[in-house]
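Report on the structure given below.
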Amino acid sequence: MVSSSTSRTKEPAKFDLKKVPARVDRVNVSGLLRTHNDYVMKAAENLFKATNFQDVMLESMQAKSYLHELGIFKDVSIHIDVSRGENASPDGYEVTFKGKELSRIVGSVGTEVGQNEGSLRTELTIPNLFGRGESISLQGSYSSKRANDIQLKFWKSYFHTRFVENRPEISFSLFRHLDRFNVSKFQNTNYGCIAEFAVNTLMPFELTHSLQYEASIRELSLLQKTVPMAIREHCGPKLASLLRYSVIFDQRDNPVFPSQGLMVKSVNEYCGLGGNVAYVSNNTHAEISVPLFGGIVAQVCGRLGVIKDTKKTTVLPLSNLFYCGGPLTLRGFEYGGAGPVIDGTPIGAQTYWSAGLHLWAPLPFNKVFKGLANNFRTHLFYNVGNFNTFSTENLRTAAGIGLAFKLAERARIELNYCIPIRKYMGDKVTNGFQFGIGYEFV
């Protein structure tokens, strides 16, 4: 008789780190050359509250992330060792963060995605200028299509204070901004300064706030000789002094292809604190996504813009009017092709609104392509919009099908086949394929 025996592979015993008592006796942060000690002290606060080894590890990772957010280190490593010395506790540990500070001057060159345009961006930054997170940068961007910028900016965060969860930050900028409105044959050049205070609030829900004061000289000039008189009369420099308040509520699980969540963004301006430009305006964008089945997501988007003059002695600046139409607002129409026209030239509207209904779906056989397919979505859409009225008369509508590609975790590219359904005389439509790139679509 032959006997056989089977050997079973023993599973490694699970070790619960919560049962290992531990406390942190000392925290060290090495590599501080220009940085003051008090700027990094908050990283150690929760480590001293740890009661077991799992807490020590988790709080060490949190402290590492916090040190990265301060904007002073290029890299940070963690070293945990048994506490030694006369004052060492029986279960004591010593945690050391080894950081490498950023160079005195940091430069970068890259591309940036705007609303239906791309640009080349360069930046030269002096980080941690005075040792407590102050930074100054010279930024420049160039777009062959529309906007060019030069900006000198100083900013300081207050992440090292007890308001770290609110992410308070102040900044001051000197800027030159050139915006070309090729569709209306003019360009607007702004020279000025901006002072900003940004903060997050957590109750009753998380909001991102930004309060800005801007003082600028705005000069409108012509791009062609044949420009309607209604645009020519706006030429010349004007002085603007305004307050701008923006608030963002964002609960989406992904900023590009959300499967669920709500996002609302509102930008409000009051201009007229001085100078010869006076108006109030609001621009609000919202979207909500709901998962259905099989990876299909239903999404509803909307955008509303209103601007109104506050003094009869001034005129509304053309560069602040709203252009209805284009791949980001009303697909199937050209940029400004569904708005007011003067002598054949599109000119912005004082009010506009647009809405979109989408059905997003992953690519067929997306599991075969694995990670690559996650960057693509197909969608069916229906867009509706109008200008200078909130009635349902003279609605512009379009529908179609398209393919979208995620770009850099924030923006997306769309290639859509559009079919304008309701249009009117004077509208400029795109019946067929339309290309769009940006970070806010309707």
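Each chain in the structure tokens gets a letter, A, B and so on, in the order shown; residues start at 1 in every chain, and ligands are counted from 1 in the order they appear.
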
I need the residues in segment 212-286 of chain A that are alpha helix (DSSP H) according to DSSP; give them as a VMD selection string.
chain A and resid 229 to 232

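Residues in contact range of Arg303 of chain A, defined as at most 9 Å between only C-alpha atoms, with sequence neighbours fewer than 2 positions away removed, read Asn283, Thr284, His285, Ala286, Glu287, Cys301, Gly305, Thr329, Tyr352, Trp353, Ser354, Ala355 and Val442 of chain A.
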
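With atom CA of Val341 of chain A on one side and atom CA of Met229 of chain A on the other, the separation reads 12.7 Å.
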
Just list as a short mmCIF file (atom, residue, chain, number, x, y, z; two decimals) with N, CA, C and O atoms, in the first residue's frame whatever in segment 203-410 of chain A DSSP marks as strand (DSSP E).
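File produced: part.cif:
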```cif
data_model
loop_
_atom_site.label_atom_id
_atom_site.label_comp_id
_atom_site.auth_asym_id
_atom_site.auth_seq_id
_atom_site.Cartn_x
_atom_site.Cartn_y
_atom_site.Cartn_z
N LEU A 207 -16.31 74.66 -0.71
CA LEU A 207 -16.36 75.66 -1.77
C LEU A 207 -14.98 76.28 -1.93
O LEU A 207 -14.24 76.44 -0.96
N THR A 208 -14.65 76.65 -3.15
CA THR A 208 -13.41 77.36 -3.43
C THR A 208 -13.76 78.80 -3.81
O THR A 208 -14.51 79.03 -4.76
N HIS A 209 -13.22 79.76 -3.05
CA HIS A 209 -13.54 81.17 -3.25
C HIS A 209 -12.32 81.92 -3.75
O HIS A 209 -11.19 81.61 -3.37
N SER A 210 -12.57 82.93 -4.55
CA SER A 210 -11.51 83.83 -5.00
C SER A 210 -12.09 85.24 -5.08
O SER A 210 -13.11 85.47 -5.72
N LEU A 211 -11.43 86.18 -4.39
CA LEU A 211 -11.84 87.58 -4.42
C LEU A 211 -10.68 88.39 -4.99
O LEU A 211 -9.56 88.36 -4.45
N GLN A 212 -10.95 89.12 -6.09
CA GLN A 212 -9.91 89.87 -6.78
C GLN A 212 -10.30 91.33 -6.92
O GLN A 212 -11.47 91.66 -7.09
N TYR A 213 -9.27 92.18 -6.85
CA TYR A 213 -9.44 93.58 -7.26
C TYR A 213 -8.51 93.81 -8.44
O TYR A 213 -7.33 93.48 -8.38
N GLU A 214 -9.08 94.37 -9.51
CA GLU A 214 -8.30 94.61 -10.72
C GLU A 214 -8.40 96.08 -11.11
O GLU A 214 -9.50 96.65 -11.14
N ALA A 215 -7.27 96.66 -11.43
CA ALA A 215 -7.21 98.01 -12.00
C ALA A 215 -6.41 97.89 -13.29
O ALA A 215 -5.27 97.39 -13.28
N SER A 216 -6.99 98.32 -14.39
CA SER A 216 -6.34 98.10 -15.68
C SER A 216 -6.71 99.18 -16.68
O SER A 216 -7.73 99.86 -16.54
N ILE A 217 -5.85 99.31 -17.67
CA ILE A 217 -6.11 100.15 -18.84
C ILE A 217 -6.41 99.21 -20.00
O ILE A 217 -5.60 98.36 -20.35
N ARG A 218 -7.60 99.37 -20.58
CA ARG A 218 -8.03 98.51 -21.67
C ARG A 218 -8.04 99.32 -22.97
O ARG A 218 -8.66 100.37 -23.02
N GLU A 219 -7.36 98.80 -23.96
CA GLU A 219 -7.29 99.51 -25.23
C GLU A 219 -7.75 98.59 -26.36
O GLU A 219 -7.18 97.53 -26.59
N LEU A 220 -8.80 99.01 -27.05
CA LEU A 220 -9.33 98.23 -28.17
C LEU A 220 -8.77 98.80 -29.47
O LEU A 220 -8.77 100.02 -29.68
N SER A 221 -8.28 97.91 -30.34
CA SER A 221 -7.75 98.30 -31.64
C SER A 221 -8.29 97.36 -32.70
O SER A 221 -8.76 96.25 -32.40
N LEU A 222 -8.21 97.76 -33.96
CA LEU A 222 -8.80 97.02 -35.07
C LEU A 222 -7.79 96.07 -35.69
O LEU A 222 -6.59 96.35 -35.74
N GLY A 236 -9.70 102.85 -28.61
CA GLY A 236 -9.03 103.77 -27.69
C GLY A 236 -8.92 103.20 -26.30
O GLY A 236 -9.56 102.20 -25.95
N PRO A 237 -8.11 103.82 -25.44
CA PRO A 237 -7.90 103.32 -24.07
C PRO A 237 -9.02 103.71 -23.13
O PRO A 237 -9.63 104.77 -23.27
N LYS A 238 -9.29 102.83 -22.18
CA LYS A 238 -10.28 103.09 -21.13
C LYS A 238 -9.73 102.55 -19.81
O LYS A 238 -9.00 101.56 -19.78
N LEU A 239 -10.10 103.20 -18.72
CA LEU A 239 -9.64 102.80 -17.39
C LEU A 239 -10.75 102.02 -16.70
O LEU A 239 -11.90 102.48 -16.63
N ALA A 240 -10.40 100.84 -16.19
CA ALA A 240 -11.37 99.98 -15.50
C ALA A 240 -10.87 99.67 -14.09
O ALA A 240 -9.68 99.41 -13.88
N SER A 241 -11.79 99.70 -13.14
CA SER A 241 -11.51 99.35 -11.75
C SER A 241 -12.65 98.47 -11.27
O SER A 241 -13.80 98.90 -11.24
N LEU A 242 -12.34 97.22 -10.90
CA LEU A 242 -13.42 96.27 -10.63
C LEU A 242 -13.10 95.30 -9.52
O LEU A 242 -11.92 95.06 -9.18
N LEU A 243 -14.15 94.73 -8.97
CA LEU A 243 -14.07 93.61 -8.03
C LEU A 243 -14.61 92.38 -8.74
O LEU A 243 -15.64 92.44 -9.42
N ARG A 244 -13.91 91.26 -8.57
CA ARG A 244 -14.32 89.99 -9.18
C ARG A 244 -14.38 88.91 -8.10
O ARG A 244 -13.42 88.69 -7.38
N TYR A 245 -15.52 88.26 -8.02
CA TYR A 245 -15.70 87.17 -7.05
C TYR A 245 -16.11 85.91 -7.79
O TYR A 245 -17.08 85.90 -8.56
N SER A 246 -15.36 84.85 -7.57
CA SER A 246 -15.70 83.56 -8.17
C SER A 246 -15.81 82.50 -7.08
O SER A 246 -15.09 82.54 -6.08
N VAL A 247 -16.72 81.57 -7.29
CA VAL A 247 -16.93 80.48 -6.34
C VAL A 247 -17.15 79.20 -7.13
O VAL A 247 -17.81 79.20 -8.18
N ILE A 248 -16.57 78.11 -6.64
CA ILE A 248 -16.66 76.82 -7.32
C ILE A 248 -17.10 75.76 -6.32
O ILE A 248 -16.53 75.64 -5.23
N PHE A 249 -18.12 75.01 -6.70
CA PHE A 249 -18.56 73.82 -5.96
C PHE A 249 -18.37 72.62 -6.89
O PHE A 249 -18.94 72.59 -7.97
N ASP A 250 -17.54 71.68 -6.48
CA ASP A 250 -17.19 70.57 -7.36
C ASP A 250 -17.17 69.26 -6.58
O ASP A 250 -16.30 69.05 -5.72
N GLY A 261 -21.72 63.16 -9.99
CA GLY A 261 -21.34 64.36 -9.27
C GLY A 261 -21.87 65.63 -9.91
O GLY A 261 -22.36 65.64 -11.04
N LEU A 262 -21.76 66.70 -9.15
CA LEU A 262 -22.27 68.02 -9.54
C LEU A 262 -21.15 69.03 -9.47
O LEU A 262 -20.32 69.00 -8.55
N MET A 263 -21.11 69.95 -10.44
CA MET A 263 -20.16 71.05 -10.44
C MET A 263 -20.88 72.33 -10.81
O MET A 263 -21.65 72.36 -11.77
N VAL A 264 -20.64 73.38 -10.02
CA VAL A 264 -21.19 74.70 -10.31
C VAL A 264 -20.07 75.72 -10.15
O VAL A 264 -19.36 75.72 -9.13
N LYS A 265 -19.91 76.58 -11.14
CA LYS A 265 -18.89 77.63 -11.11
C LYS A 265 -19.54 78.94 -11.49
O LYS A 265 -20.22 79.03 -12.51
N SER A 266 -19.32 79.96 -10.68
CA SER A 266 -19.92 81.27 -10.93
C SER A 266 -18.87 82.36 -10.80
O SER A 266 -18.12 82.39 -9.81
N VAL A 267 -18.80 83.23 -11.80
CA VAL A 267 -17.87 84.37 -11.80
C VAL A 267 -18.70 85.65 -11.88
O VAL A 267 -19.49 85.84 -12.81
N ASN A 268 -18.52 86.53 -10.88
CA ASN A 268 -19.30 87.76 -10.79
C ASN A 268 -18.34 88.96 -10.79
O ASN A 268 -17.33 88.94 -10.08
N GLU A 269 -18.68 90.00 -11.54
CA GLU A 269 -17.85 91.19 -11.61
C GLU A 269 -18.69 92.44 -11.36
O GLU A 269 -19.82 92.53 -11.83
N TYR A 270 -18.10 93.36 -10.62
CA TYR A 270 -18.68 94.70 -10.49
C TYR A 270 -17.59 95.69 -10.89
O TYR A 270 -16.56 95.82 -10.20
N CYS A 271 -17.79 96.36 -12.00
CA CYS A 271 -16.83 97.32 -12.52
C CYS A 271 -17.45 98.70 -12.43
O CYS A 271 -18.60 98.89 -12.83
N GLY A 272 -16.69 99.67 -11.93
CA GLY A 272 -17.21 101.02 -11.78
C GLY A 272 -16.72 101.69 -10.52
O GLY A 272 -17.24 102.72 -10.12
N LEU A 273 -15.68 101.12 -9.88
CA LEU A 273 -15.12 101.74 -8.69
C LEU A 273 -14.31 102.98 -9.05
O LEU A 273 -13.92 103.76 -8.19
N GLY A 274 -14.05 103.14 -10.33
CA GLY A 274 -13.31 104.27 -10.85
C GLY A 274 -13.17 104.09 -12.36
O GLY A 274 -13.55 103.06 -12.91
N GLY A 275 -12.65 105.09 -13.03
CA GLY A 275 -12.46 104.97 -14.46
C GLY A 275 -13.72 105.26 -15.26
O GLY A 275 -14.69 105.80 -14.74
N TYR A 279 -20.07 98.33 -15.25
CA TYR A 279 -21.01 97.26 -15.56
C TYR A 279 -21.04 96.26 -14.41
O TYR A 279 -20.15 96.26 -13.54
N VAL A 280 -22.05 95.42 -14.40
CA VAL A 280 -22.10 94.24 -13.54
C VAL A 280 -22.33 93.04 -14.44
O VAL A 280 -23.04 93.14 -15.45
N SER A 281 -21.71 91.92 -14.11
CA SER A 281 -21.85 90.73 -14.95
C SER A 281 -21.81 89.47 -14.12
O SER A 281 -21.26 89.45 -13.01
N ASN A 282 -22.41 88.44 -14.67
CA ASN A 282 -22.38 87.11 -14.06
C ASN A 282 -22.24 86.07 -15.16
O ASN A 282 -22.90 86.16 -16.20
N ASN A 283 -21.37 85.10 -14.93
CA ASN A 283 -21.19 83.98 -15.86
C ASN A 283 -21.18 82.70 -15.03
O ASN A 283 -20.27 82.51 -14.21
N THR A 284 -22.18 81.86 -15.22
CA THR A 284 -22.33 80.65 -14.40
C THR A 284 -22.35 79.42 -15.29
O THR A 284 -23.05 79.39 -16.31
N HIS A 285 -21.58 78.42 -14.89
CA HIS A 285 -21.52 77.15 -15.61
C HIS A 285 -21.83 76.04 -14.62
O HIS A 285 -21.35 76.05 -13.48
N ALA A 286 -22.64 75.06 -15.04
CA ALA A 286 -23.00 73.94 -14.16
C ALA A 286 -23.12 72.67 -14.98
O ALA A 286 -23.44 72.70 -16.17
N GLU A 287 -22.84 71.56 -14.32
CA GLU A 287 -23.04 70.25 -14.95
C GLU A 287 -23.30 69.20 -13.88
O GLU A 287 -22.77 69.28 -12.76
N ILE A 288 -24.13 68.22 -14.22
CA ILE A 288 -24.44 67.12 -13.33
C ILE A 288 -24.40 65.83 -14.12
O ILE A 288 -24.87 65.77 -15.26
N SER A 289 -23.78 64.80 -13.54
CA SER A 289 -23.62 63.51 -14.20
C SER A 289 -24.24 62.42 -13.35
O SER A 289 -24.11 62.42 -12.11
N VAL A 290 -24.92 61.48 -14.03
CA VAL A 290 -25.60 60.38 -13.34
C VAL A 290 -25.25 59.07 -14.05
O VAL A 290 -25.43 58.96 -15.27
N PRO A 291 -24.72 58.07 -13.33
CA PRO A 291 -24.42 56.78 -13.98
C PRO A 291 -25.69 56.01 -14.31
O PRO A 291 -26.65 56.02 -13.53
N VAL A 297 -23.10 57.08 -19.00
CA VAL A 297 -23.35 58.18 -18.07
C VAL A 297 -24.21 59.22 -18.76
O VAL A 297 -23.93 59.63 -19.90
N ALA A 298 -25.28 59.66 -18.09
CA ALA A 298 -26.10 60.77 -18.58
C ALA A 298 -25.60 62.05 -17.94
O ALA A 298 -25.32 62.10 -16.73
N GLN A 299 -25.49 63.09 -18.75
CA GLN A 299 -24.95 64.35 -18.25
C GLN A 299 -25.78 65.52 -18.79
O GLN A 299 -26.14 65.54 -19.97
N VAL A 300 -26.06 66.47 -17.90
CA VAL A 300 -26.75 67.70 -18.28
C VAL A 300 -25.84 68.87 -17.94
O VAL A 300 -25.35 68.97 -16.80
N CYS A 301 -25.59 69.75 -18.92
CA CYS A 301 -24.73 70.92 -18.73
C CYS A 301 -25.51 72.19 -19.06
O CYS A 301 -26.44 72.16 -19.87
N GLY A 302 -25.12 73.28 -18.45
CA GLY A 302 -25.76 74.55 -18.73
C GLY A 302 -24.84 75.72 -18.46
O GLY A 302 -23.92 75.63 -17.63
N ARG A 303 -25.06 76.81 -19.19
CA ARG A 303 -24.26 78.01 -18.98
C ARG A 303 -25.14 79.23 -19.20
O ARG A 303 -25.97 79.27 -20.10
N LEU A 304 -24.93 80.23 -18.35
CA LEU A 304 -25.71 81.46 -18.40
C LEU A 304 -24.78 82.65 -18.23
O LEU A 304 -23.92 82.66 -17.34
N GLY A 305 -24.93 83.65 -19.08
CA GLY A 305 -24.13 84.86 -18.97
C GLY A 305 -25.00 86.11 -19.10
O GLY A 305 -25.85 86.18 -19.99
N VAL A 306 -24.78 87.07 -18.20
CA VAL A 306 -25.53 88.32 -18.21
C VAL A 306 -24.57 89.46 -17.90
O VAL A 306 -23.75 89.37 -16.99
N ILE A 307 -24.65 90.56 -18.68
CA ILE A 307 -23.89 91.76 -18.39
C ILE A 307 -24.80 92.96 -18.58
O ILE A 307 -25.62 92.99 -19.51
N LYS A 308 -24.68 93.94 -17.69
CA LYS A 308 -25.57 95.12 -17.72
C LYS A 308 -24.78 96.34 -17.32
O LYS A 308 -24.00 96.29 -16.36
N ASP A 309 -24.98 97.44 -18.04
CA ASP A 309 -24.28 98.68 -17.69
C ASP A 309 -24.94 99.31 -16.47
O ASP A 309 -26.14 99.18 -16.25
N VAL A 341 -25.34 90.17 -35.09
CA VAL A 341 -24.47 90.48 -36.23
C VAL A 341 -24.73 91.93 -36.63
O VAL A 341 -25.88 92.37 -36.72
N ILE A 342 -23.64 92.68 -36.87
CA ILE A 342 -23.74 94.06 -37.38
C ILE A 342 -22.94 94.14 -38.67
O ILE A 342 -21.73 93.89 -38.68
N THR A 345 -20.77 91.25 -39.40
CA THR A 345 -19.72 90.93 -38.42
C THR A 345 -20.35 90.54 -37.09
O THR A 345 -21.14 91.32 -36.53
N PRO A 346 -20.05 89.34 -36.57
CA PRO A 346 -20.60 88.95 -35.26
C PRO A 346 -20.12 89.89 -34.16
O PRO A 346 -18.96 90.33 -34.16
N THR A 351 -26.79 89.10 -23.05
CA THR A 351 -27.21 87.91 -22.32
C THR A 351 -27.14 86.70 -23.26
O THR A 351 -27.35 86.85 -24.48
N TYR A 352 -26.81 85.57 -22.71
CA TYR A 352 -26.86 84.35 -23.50
C TYR A 352 -27.03 83.16 -22.56
O TYR A 352 -26.70 83.22 -21.37
N TRP A 353 -27.56 82.09 -23.10
CA TRP A 353 -27.67 80.85 -22.34
C TRP A 353 -27.56 79.68 -23.30
O TRP A 353 -27.91 79.78 -24.48
N SER A 354 -27.08 78.58 -22.81
CA SER A 354 -26.99 77.36 -23.60
C SER A 354 -27.06 76.16 -22.66
O SER A 354 -26.71 76.26 -21.48
N ALA A 355 -27.54 75.05 -23.18
CA ALA A 355 -27.67 73.82 -22.40
C ALA A 355 -27.34 72.63 -23.29
O ALA A 355 -27.47 72.70 -24.52
N GLY A 356 -26.92 71.55 -22.66
CA GLY A 356 -26.57 70.36 -23.41
C GLY A 356 -26.97 69.10 -22.66
O GLY A 356 -26.86 69.03 -21.43
N LEU A 357 -27.46 68.12 -23.39
CA LEU A 357 -27.78 66.80 -22.85
C LEU A 357 -26.88 65.78 -23.53
O LEU A 357 -26.81 65.73 -24.76
N HIS A 358 -26.16 64.97 -22.73
CA HIS A 358 -25.17 64.04 -23.27
C HIS A 358 -25.43 62.63 -22.75
O HIS A 358 -25.89 62.44 -21.62
N LEU A 359 -25.08 61.67 -23.57
CA LEU A 359 -24.96 60.27 -23.15
C LEU A 359 -23.54 59.83 -23.46
O LEU A 359 -23.16 59.70 -24.64
N TRP A 360 -22.76 59.63 -22.42
CA TRP A 360 -21.37 59.22 -22.57
C TRP A 360 -21.25 57.71 -22.42
O TRP A 360 -21.91 57.11 -21.56
N ALA A 361 -20.39 57.10 -23.22
CA ALA A 361 -20.19 55.65 -23.15
C ALA A 361 -18.72 55.33 -23.43
O ALA A 361 -18.06 56.04 -24.20
N PHE A 376 -10.67 57.60 -23.68
CA PHE A 376 -11.62 57.91 -24.76
C PHE A 376 -13.05 57.71 -24.27
O PHE A 376 -13.31 56.86 -23.41
N ARG A 377 -13.95 58.49 -24.83
CA ARG A 377 -15.38 58.29 -24.63
C ARG A 377 -16.11 58.64 -25.93
O ARG A 377 -15.68 59.51 -26.69
N THR A 378 -17.20 57.95 -26.17
CA THR A 378 -18.11 58.33 -27.25
C THR A 378 -19.33 59.00 -26.62
O THR A 378 -19.67 58.72 -25.46
N HIS A 379 -20.00 59.86 -27.38
CA HIS A 379 -21.17 60.50 -26.79
C HIS A 379 -22.17 60.93 -27.86
O HIS A 379 -21.80 61.27 -29.00
N LEU A 380 -23.42 60.89 -27.47
CA LEU A 380 -24.51 61.51 -28.22
C LEU A 380 -24.86 62.80 -27.50
O LEU A 380 -24.85 62.86 -26.26
N PHE A 381 -25.17 63.85 -28.26
CA PHE A 381 -25.45 65.13 -27.62
C PHE A 381 -26.60 65.85 -28.30
O PHE A 381 -26.90 65.62 -29.49
N TYR A 382 -27.21 66.71 -27.52
CA TYR A 382 -28.25 67.63 -28.02
C TYR A 382 -28.01 68.96 -27.35
O TYR A 382 -28.01 69.05 -26.12
N ASN A 383 -27.78 70.01 -28.14
CA ASN A 383 -27.51 71.35 -27.63
C ASN A 383 -28.62 72.31 -28.00
O ASN A 383 -29.21 72.21 -29.08
N VAL A 384 -28.90 73.23 -27.09
CA VAL A 384 -29.88 74.28 -27.33
C VAL A 384 -29.34 75.56 -26.71
O VAL A 384 -28.66 75.54 -25.67
N GLY A 385 -29.61 76.72 -27.35
CA GLY A 385 -29.13 77.99 -26.82
C GLY A 385 -29.77 79.16 -27.50
O GLY A 385 -30.44 79.04 -28.54
N ASN A 386 -29.56 80.35 -26.92
CA ASN A 386 -30.11 81.56 -27.48
C ASN A 386 -29.41 82.76 -26.87
O ASN A 386 -28.64 82.61 -25.89
N PHE A 387 -29.67 83.96 -27.39
CA PHE A 387 -29.00 85.17 -26.93
C PHE A 387 -30.00 86.31 -26.83
O PHE A 387 -31.00 86.37 -27.55
N ARG A 396 -31.85 78.14 -31.02
CA ARG A 396 -30.91 77.43 -31.88
C ARG A 396 -30.66 76.06 -31.27
O ARG A 396 -30.37 75.96 -30.07
N THR A 397 -30.75 75.01 -32.06
CA THR A 397 -30.56 73.66 -31.55
C THR A 397 -29.69 72.86 -32.52
O THR A 397 -29.63 73.15 -33.72
N ALA A 398 -29.00 71.87 -31.98
CA ALA A 398 -28.17 70.98 -32.79
C ALA A 398 -28.03 69.66 -32.06
O ALA A 398 -28.16 69.58 -30.83
N ALA A 399 -27.74 68.60 -32.81
CA ALA A 399 -27.53 67.27 -32.25
C ALA A 399 -26.41 66.60 -33.01
O ALA A 399 -25.96 67.07 -34.07
N GLY A 400 -25.92 65.49 -32.45
CA GLY A 400 -24.85 64.78 -33.16
C GLY A 400 -24.23 63.68 -32.32
O GLY A 400 -24.73 63.32 -31.25
N ILE A 401 -23.13 63.18 -32.82
CA ILE A 401 -22.39 62.10 -32.20
C ILE A 401 -20.92 62.43 -32.28
O ILE A 401 -20.47 63.12 -33.22
N GLY A 402 -20.15 62.00 -31.30
CA GLY A 402 -18.74 62.37 -31.31
C GLY A 402 -17.86 61.46 -30.50
O GLY A 402 -18.32 60.54 -29.80
N LEU A 403 -16.55 61.72 -30.59
CA LEU A 403 -15.52 61.00 -29.86
C LEU A 403 -14.70 62.02 -29.08
O LEU A 403 -14.30 63.07 -29.62
N ALA A 404 -14.44 61.75 -27.81
CA ALA A 404 -13.69 62.67 -26.95
C ALA A 404 -12.47 61.96 -26.39
O ALA A 404 -12.49 60.75 -26.13
N PHE A 405 -11.40 62.73 -26.20
CA PHE A 405 -10.13 62.21 -25.68
C PHE A 405 -9.69 63.05 -24.49
O PHE A 405 -9.70 64.28 -24.56
N LYS A 406 -9.33 62.39 -23.39
CA LYS A 406 -8.88 63.09 -22.19
C LYS A 406 -7.46 63.59 -22.37
O LYS A 406 -6.57 62.85 -22.80
N LEU A 407 -7.24 64.85 -22.00
CA LEU A 407 -5.94 65.48 -22.19
C LEU A 407 -5.46 66.03 -20.86
O LEU A 407 -6.03 66.96 -20.30
#
```

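Taking atom CA of Leu129 of chain A as the reference point, atom CA of Val95 of chain A is found at 27.4 Å.
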
Counting only C-alpha atoms, the option among A:Asp25, A:Phe390, A:Val40, A:Ile126 closest to Glu94 of chain A:
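Of A:Asp25, A:Phe390, A:Val40, A:Ile126, the one nearest Glu94 of chain A is A:Asp25, counting only C-alpha atoms.
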
From the list A:Asn374, A:Gly131, A:Pro228, A:Asp149, which residue is nearest Thr189 of chain A when using only C-alpha atoms?
A:Asp149

I'd like the neighbourhood of Tyr335 of chain A as a list in words, where a residue qualifies if any of its atoms comes within 7 Å (using only C-alpha atoms), though same-chain residues fewer than 6 positions away should be ignored.
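Within the cut-off, the hits are Tyr323, Cys324, Gly325 and Gly326 of chain A.
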
Residues from the last selection, N, CA, C and O atoms, saved as a PDB file, in the first residue's frame:
```pdb
ATOM      1  N   TYR A 323     -20.268  85.514 -26.579  1.00  0.00           N
ATOM      2  CA  TYR A 323     -20.394  84.979 -27.935  1.00  0.00           C
ATOM      3  C   TYR A 323     -21.069  83.614 -27.864  1.00  0.00           C
ATOM      4  O   TYR A 323     -20.564  82.697 -27.208  1.00  0.00           O
ATOM      5  N   CYS A 324     -22.211  83.495 -28.509  1.00  0.00           N
ATOM      6  CA  CYS A 324     -22.998  82.263 -28.492  1.00  0.00           C
ATOM      7  C   CYS A 324     -22.697  81.473 -29.758  1.00  0.00           C
ATOM      8  O   CYS A 324     -22.811  81.981 -30.878  1.00  0.00           O
ATOM      9  N   GLY A 325     -22.343  80.237 -29.588  1.00  0.00           N
ATOM     10  CA  GLY A 325     -21.989  79.385 -30.708  1.00  0.00           C
ATOM     11  C   GLY A 325     -20.558  78.914 -30.587  1.00  0.00           C
ATOM     12  O   GLY A 325     -19.699  79.588 -30.035  1.00  0.00           O
ATOM     13  N   GLY A 326     -20.292  77.731 -31.134  1.00  0.00           N
ATOM     14  CA  GLY A 326     -18.955  77.175 -31.089  1.00  0.00           C
ATOM     15  C   GLY A 326     -18.948  75.801 -30.455  1.00  0.00           C
ATOM     16  O   GLY A 326     -19.916  75.376 -29.812  1.00  0.00           O
TER      17      GLY A 326
END
```

Pairwise distance for atom CA of Tyr93 of chain A and atom CA of Phe163 of chain A, rounded to one decimal in Å:
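It comes out at 28.2 Å.
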
Residue nearest Asn190 of chain A among A:Ile78, A:Asn37, A:Tyr424, A:Ser319 (counting only C-alpha atoms)
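For Asn190 of chain A, the nearest of the candidates is A:Ser319.
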
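For Ser103 of chain A, the set of protein, DNA and RNA residues having any atom at most 12 Å away, when counting only C-alpha atoms and skipping those fewer than 4 positions along the same chain, is Leu33, Arg34, Gly71, Ile72, Phe73, Lys74, Asp75, Gly107, Leu124, Thr125, Ile126, Pro127, Asn128 and Leu129 of chain A.
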
Of the candidates A:Thr35, A:Ser259, A:Ser119, A:Thr310, which shows the shortest atom-to-atom distance to Phe293 of chain A, using only C-alpha atoms?
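With only C-alpha atoms as the atom set, the closest residue is A:Ser259.
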